[in-house]
Each structure stands twice: as structure tokens, then as C-alpha cells.
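Source file model-v3.cif; content: mmCIF, C-alpha atoms.
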data_final
#
loop_
_atom_site.label_atom_id
_atom_site.label_comp_id
_atom_site.auth_asym_id
_atom_site.auth_seq_id
_atom_site.Cartn_x
_atom_site.Cartn_y
_atom_site.Cartn_z
CA SER A 1 65.88 35.05 -70.77
CA ALA A 2 65.67 37.22 -73.84
CA VAL A 3 66.03 40.89 -74.64
CA ILE A 4 63.32 42.10 -76.98
CA SER A 5 63.27 45.46 -78.70
CA GLN A 6 60.08 46.84 -80.18
CA LYS A 7 59.53 49.92 -82.24
CA PRO A 8 57.84 52.25 -82.42
CA SER A 9 57.26 52.57 -78.68
CA ARG A 10 54.26 54.75 -79.37
CA ASP A 11 52.56 56.44 -82.28
CA ILE A 12 49.51 58.48 -83.10
CA CYS A 13 47.87 57.40 -86.33
CA GLN A 14 45.09 58.60 -88.54
CA ARG A 15 42.03 56.51 -89.25
CA GLY A 16 42.43 54.38 -92.38
CA THR A 17 46.19 54.22 -92.33
CA SER A 18 48.42 51.25 -91.54
CA LEU A 19 51.35 50.91 -89.17
CA THR A 20 54.04 48.26 -88.92
CA ILE A 21 55.53 47.30 -85.57
CA GLN A 22 58.95 45.71 -85.49
CA CYS A 23 60.21 43.19 -82.95
CA GLN A 24 63.88 42.22 -82.63
CA VAL A 25 65.13 39.48 -80.27
CA ASP A 26 68.71 39.06 -79.10
CA SER A 27 68.63 35.30 -79.66
CA GLN A 28 67.11 32.85 -82.10
CA VAL A 29 63.64 31.67 -81.13
CA THR A 30 61.28 29.30 -82.84
CA MET A 31 58.02 31.04 -82.07
CA MET A 32 57.19 34.67 -81.56
CA PHE A 33 53.84 35.79 -80.24
CA TRP A 34 51.92 39.00 -80.79
CA TYR A 35 49.52 40.15 -78.08
CA ARG A 36 47.17 43.09 -77.80
CA GLN A 37 46.37 44.81 -74.51
CA GLN A 38 43.51 47.26 -74.71
CA PRO A 39 43.22 49.93 -72.02
CA GLY A 40 42.54 48.39 -68.63
CA GLN A 41 42.35 44.90 -70.11
CA SER A 42 44.47 41.81 -70.08
CA LEU A 43 46.52 40.39 -72.92
CA THR A 44 44.82 38.84 -75.92
CA LEU A 45 46.84 36.66 -78.27
CA ILE A 46 46.62 37.87 -81.84
CA ALA A 47 48.81 35.31 -83.58
CA THR A 48 51.83 33.04 -83.35
CA ALA A 49 54.60 33.64 -85.85
CA ASN A 50 56.86 30.78 -86.91
CA GLN A 51 59.85 31.33 -89.15
CA GLY A 52 59.28 29.93 -92.61
CA SER A 53 55.54 29.43 -92.34
CA GLU A 54 52.34 31.40 -92.22
CA ALA A 55 51.37 32.89 -88.89
CA THR A 56 48.61 31.18 -86.92
CA TYR A 57 45.83 33.60 -86.01
CA GLU A 58 43.49 33.37 -83.04
CA SER A 59 39.74 33.60 -83.31
CA GLY A 60 38.70 37.14 -84.09
CA PHE A 61 41.94 38.12 -85.78
CA VAL A 62 42.55 37.84 -89.53
CA ILE A 63 45.59 38.13 -91.75
CA ASP A 64 44.15 40.95 -93.84
CA LYS A 65 43.86 43.13 -90.76
CA PHE A 66 47.03 42.01 -88.96
CA PRO A 67 49.56 40.74 -91.50
CA ILE A 68 52.68 39.30 -89.88
CA SER A 69 56.12 38.66 -91.27
CA ARG A 70 58.78 36.37 -89.80
CA PRO A 71 61.77 36.52 -92.12
CA ASN A 72 64.25 34.93 -89.68
CA LEU A 73 64.59 33.52 -86.18
CA THR A 74 65.23 36.88 -84.48
CA PHE A 75 62.79 39.27 -86.14
CA SER A 76 59.09 39.73 -86.78
CA THR A 77 56.72 42.48 -87.80
CA LEU A 78 53.04 43.04 -87.15
CA THR A 79 51.08 45.43 -89.33
CA VAL A 80 47.83 46.94 -88.15
CA SER A 81 45.95 47.73 -91.36
CA ASN A 82 43.23 50.23 -92.15
CA MET A 83 43.20 51.41 -88.55
CA SER A 84 40.15 52.61 -86.67
CA PRO A 85 39.92 54.07 -83.15
CA GLU A 86 39.04 50.57 -81.89
CA ASP A 87 42.59 49.52 -82.76
CA SER A 88 43.99 51.92 -80.17
CA SER A 89 45.88 49.59 -77.90
CA ILE A 90 49.25 48.38 -76.73
CA TYR A 91 50.73 45.73 -78.98
CA LEU A 92 53.26 43.41 -77.40
CA CYS A 93 55.76 41.06 -78.94
CA SER A 94 56.80 38.09 -76.83
CA VAL A 95 59.00 35.01 -77.09
CA ASP A 96 59.51 31.75 -75.27
CA PRO A 97 63.29 31.34 -75.44
CA THR A 98 63.27 28.00 -73.67
CA GLY A 99 61.05 26.53 -76.35
CA ASN A 100 57.41 25.85 -75.62
CA THR A 101 57.57 25.94 -71.81
CA GLY A 102 55.30 28.97 -71.84
CA GLU A 103 57.81 31.17 -70.01
CA LEU A 104 57.27 34.34 -71.98
CA PHE A 105 59.43 37.42 -72.21
CA PHE A 106 57.93 40.61 -73.55
CA GLY A 107 59.06 43.60 -75.48
CA GLU A 108 58.37 47.07 -74.13
CA GLY A 109 55.19 47.31 -76.16
CA SER A 110 53.97 49.67 -78.85
CA ARG A 111 51.22 52.04 -77.76
CA LEU A 112 49.07 53.03 -80.72
CA THR A 113 46.47 55.76 -80.65
CA VAL A 114 44.18 56.03 -83.66
CA LEU A 115 42.36 59.32 -84.18
CA GLN B 1 36.35 28.94 -75.32
CA LYS B 2 39.35 28.38 -73.07
CA GLU B 3 39.30 30.80 -70.19
CA VAL B 4 41.38 31.96 -67.29
CA GLU B 5 39.44 33.71 -64.54
CA GLN B 6 40.75 36.07 -61.90
CA ASN B 7 39.16 38.45 -59.46
CA SER B 8 39.96 41.89 -60.85
CA GLY B 9 40.28 43.41 -57.39
CA PRO B 10 41.62 45.72 -56.28
CA LEU B 11 43.05 43.70 -53.44
CA SER B 12 44.39 45.93 -50.70
CA VAL B 13 46.69 44.60 -47.97
CA PRO B 14 48.83 46.35 -45.36
CA GLU B 15 52.58 46.26 -45.59
CA GLY B 16 53.97 43.05 -44.11
CA ALA B 17 50.79 41.05 -44.63
CA ILE B 18 50.25 38.05 -46.90
CA ALA B 19 48.57 38.77 -50.22
CA SER B 20 46.62 35.88 -51.72
CA LEU B 21 45.80 35.91 -55.42
CA ASN B 22 43.62 33.29 -57.07
CA CYS B 23 42.95 31.99 -60.54
CA THR B 24 40.83 29.27 -62.16
CA TYR B 25 41.12 27.85 -65.65
CA SER B 26 38.76 25.95 -67.88
CA ASP B 27 41.02 23.77 -70.05
CA ARG B 28 41.86 20.51 -68.28
CA GLY B 29 44.57 19.90 -70.87
CA SER B 30 46.57 22.89 -69.65
CA GLN B 31 50.15 21.98 -68.91
CA SER B 32 51.95 24.96 -67.45
CA PHE B 33 50.89 27.75 -65.14
CA PHE B 34 52.43 31.17 -64.62
CA TRP B 35 52.17 34.37 -62.68
CA TYR B 36 53.25 37.62 -64.29
CA ARG B 37 53.55 40.98 -62.62
CA GLN B 38 52.73 44.11 -64.57
CA TYR B 39 53.49 47.56 -63.26
CA SER B 40 51.45 50.41 -64.65
CA GLY B 41 52.74 51.40 -68.08
CA LYS B 42 55.14 48.47 -68.26
CA SER B 43 55.19 45.06 -69.90
CA PRO B 44 54.43 41.90 -67.96
CA GLU B 45 57.33 40.13 -66.31
CA LEU B 46 57.38 36.49 -65.29
CA ILE B 47 57.67 35.97 -61.54
CA MET B 48 56.60 32.36 -60.95
CA PHE B 49 55.83 29.20 -62.86
CA ILE B 50 54.52 25.85 -61.70
CA TYR B 51 54.00 22.64 -63.62
CA SER B 52 53.01 20.07 -60.97
CA ASN B 53 50.37 19.86 -58.28
CA GLY B 54 51.42 21.29 -54.94
CA ASP B 55 53.41 24.28 -53.80
CA LYS B 56 56.45 25.99 -55.23
CA GLU B 57 58.30 28.60 -53.23
CA ASP B 58 60.69 31.29 -54.47
CA GLY B 59 61.66 33.88 -51.90
CA ARG B 60 58.55 35.70 -50.73
CA PHE B 61 56.42 34.09 -53.45
CA THR B 62 54.62 30.76 -53.30
CA ALA B 63 52.65 29.36 -56.21
CA GLN B 64 50.08 26.67 -55.58
CA LEU B 65 48.50 24.39 -58.17
CA ASN B 66 45.55 22.03 -57.88
CA LYS B 67 44.82 20.47 -61.26
CA ALA B 68 41.81 18.52 -60.00
CA SER B 69 40.14 21.79 -58.98
CA GLN B 70 41.67 23.71 -61.94
CA TYR B 71 42.94 26.26 -59.48
CA VAL B 72 46.17 28.24 -59.24
CA SER B 73 47.13 30.70 -56.55
CA LEU B 74 49.97 33.03 -55.67
CA LEU B 75 50.88 33.98 -52.11
CA ILE B 76 53.09 36.98 -51.46
CA ARG B 77 54.51 37.01 -47.95
CA ASP B 78 55.71 40.15 -46.19
CA SER B 79 54.06 42.31 -48.83
CA GLN B 80 55.87 45.51 -49.72
CA PRO B 81 54.59 48.70 -51.34
CA SER B 82 56.80 47.79 -54.31
CA ASP B 83 54.60 44.71 -54.83
CA SER B 84 51.72 46.99 -55.83
CA ALA B 85 50.98 45.98 -59.41
CA THR B 86 48.60 43.92 -61.50
CA TYR B 87 49.20 40.19 -61.29
CA LEU B 88 48.30 38.15 -64.34
CA CYS B 89 47.62 34.44 -64.17
CA ALA B 90 48.55 32.63 -67.38
CA VAL B 91 47.98 29.09 -68.57
CA THR B 92 49.76 27.32 -71.40
CA GLY B 93 48.58 24.45 -73.53
CA SER B 94 48.67 23.60 -77.23
CA PHE B 95 51.63 25.91 -77.88
CA LYS B 96 49.94 29.11 -76.70
CA THR B 97 49.46 31.04 -73.50
CA ILE B 98 46.16 32.47 -72.34
CA PHE B 99 46.09 35.26 -69.76
CA GLY B 100 43.54 36.11 -67.13
CA ALA B 101 42.28 39.65 -66.74
CA GLY B 102 44.62 40.27 -63.81
CA THR B 103 44.20 41.23 -60.16
CA ARG B 104 45.28 44.66 -59.03
CA LEU B 105 47.16 44.56 -55.74
CA PHE B 106 47.74 47.57 -53.51
CA VAL B 107 50.10 47.27 -50.58
CA LYS B 108 49.58 50.09 -48.10
CA ALA B 109 52.60 51.40 -46.25
#
Reformat the file's structure so that it appears as C-alpha cells.
Amino acid sequence: SAVISQKPSRDICQRGTSLTIQCQVDSQVTMMFWYRQQPGQSLTLIATANQGSEATYESGFVIDKFPISRPNLTFSTLTVSNMSPEDSSIYLCSVDPTGNTGELFFGEGSRLTVL
Amino acid sequence: QKEVEQNSGPLSVPEGAIASLNCTYSDRGSQSFFWYRQYSGKSPELIMFIYSNGDKEDGRFTAQLNKASQYVSLLIRDSQPSDSATYLCAVTGSFKTIFGAGTRLFVKA
């Protein structure tokens, strides 16, 4: 298993601003995943973050809008840039501590509301 | 587009009954299959995984996989009110996990 801490847990943001979400894991992991869960919806993968390389973004998500950092094996950040109300969502960090088995553990999530 | 399909529900069962949750997936190359439980306002938590065709039992939970039919199911025996949650089916392949929309389960006391 893994213990994952995310912050902020929630925030209210103004349109046009940017917010960075931090994700800290209690063990070293190769890949970290960022998901978005819009109200009443399931989880959508935004990108996969590998240490030492550029993040891999899913269709519909671009680096300019969601820049990701992965400076080491226990930490990652996701920035939501130039926010609009459509970005209001829960953003979740997750890891697969066993290494590509798909058994994911999630942080508590960051609930963003954009006014 | 790789997809994971679930009936959104809600599925309502009386306490003590068997709840049956179903899922289909489109990518025949999928390798691993999971069920996550998500309580309202909380993050998903992994409750079952299955890699091979057949049944896998863990306590009151049984996962079933049929790769030929691209079908995964979760049975919850002796359902309890505390099982009321959204159950997410997830499928892994090519280093990423795709989630279904989830089925909401209500267990009535």
C-alpha cells in the first residue's frame, strides 16, 4: 500500500488564475497518475508522471493547461492553469506502488471550485 | 476509444441479499481488472482485483472475469448498509488504468 498526501484539500479560485496541487507519497514509486473527477462523474486520467521525463498526457489534456512536475520518486505537482468554471472538479493523485499491476492508491483529492 | 461500461444504477438491494455489479470493456488487450469502492466525498479504494478468467473470492466479495465476453462482475454477499457506495470497475492495459462511470449501490436496512 501507499500513503498519499495531497494539498490543498479544497480551494476556491477566481477565473483566469492558476493553482498548483501537490502530491507526496510515503514511498518511492515509478509512476504517478493524475485523475480528474467532475461532479457525479467517474475518474478521467489526465496524465502519467514519470520521474526524470516529461509527463504523458491523455487525449484532451495538454501540457500548457495542466503542467506537471515530477522532481523525485515521492513527489509530483499538477498545475491547473488559466482556470475557468469548467475546471471545477476533484483532482486526484494516485500511485501503483507494486509497479504496473494497476493496483492504485489514491490521495484524498483536491476539490477546486472556480468562480 | 477504449471504454469501460457500467450500469450507473442506482442498484437497491435489501440487507443480507446478494448485490451483483457488472462491467464490460472494449480493449481485448486489457490485462488487469479491478473493483474500487468510493464513498460519497471520499477517494476510491481498491477492494478486488482479478487477472485470470474465473472467480476470485475475498470474504463477502467475489470477482468474476470472462475475457472472451470482455465481462467483469462483482458479487457482494450478505450486503450491509455500510456497503452503500459507488463501485467503480477499472481496467488496466498499456501502463494506464481506465475507469467506468460507476454503479451506485444502496443497501436498505
- Could you list, as a ChimeraX atom specification, the residues of chain A having an atom within 9 Å of chain B when counting all atoms listed in the file? /A:33,40-45,48,92,100-109
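Closest approach to Phe66 of chain A among A:Asn82, A:Thr98, A:Gln22, A:Ser53 is made by A:Asn82 (distances from all atoms listed in the file).
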- Message: Measuring between all atoms listed in the file, which one of B:Ser79, B:Ser84, B:Thr24, B:Ser12 shows the shortest distance to Lys67 of chain B?
- Response: B:Thr24
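Between atom CA of Ser76 of chain A and atom CA of Ser30 of chain B lies a distance of 27.1 Å.
Across the chains present, the PyMOL selection byres ((chain A and resi 21) around 6) applied to this file returns Lys7, Thr20, Gln22, Thr77 and Leu78 of chain A.
Among A:Thr30, A:Leu112, A:Met83, A:Tyr91, the residue with the shortest atom-to-atom distance to Arg15 of chain A, counting only C-alpha atoms, is A:Met83.
Proximity to Gln24 of chain A was assessed for A:Thr74, A:Thr113, A:Ser9, A:Ser89 counting all atoms listed in the file; the smallest distance is recorded for A:Thr74.
Within the file as shown, the PyMOL selection byres ((chain B and resi 52-55) around 8) identifies B:Ile50, B:Tyr51, B:Lys56, B:Glu57, B:Thr62, B:Ala63, B:Gln64, B:Leu65, B:Asn66, B:Lys67.
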- For the point (46.1, 58.7, -85.1) in file coordinates, what residues are within 12 Å, counting all atoms listed in the file? Give the answer as a PyMOL selection string? chain A and resi 10-19+82-89+111-115
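Taking atom CA of Met31 of chain A and atom CA of Ala49 of chain A as endpoints, the distance between them is 5.7 Å.
The space separating atom CA of Gln70 of chain B from atom CA of Ile18 of chain B comes to 22.5 Å.
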- Task: On this file, the PyMOL selection byres ((chain B and resi 14) around 10) gives some set of residues; write that set as an MDAnalysis selection string.
- Result: chainID B and resid 12:13 15:19 78:81 106:109
- Item | B:Asn7, B:Gln38, B:Ser20, B:Ser73 ranked by distance to Ala85 of chain B, top pick (using all atoms listed in the file) | B:Gln38
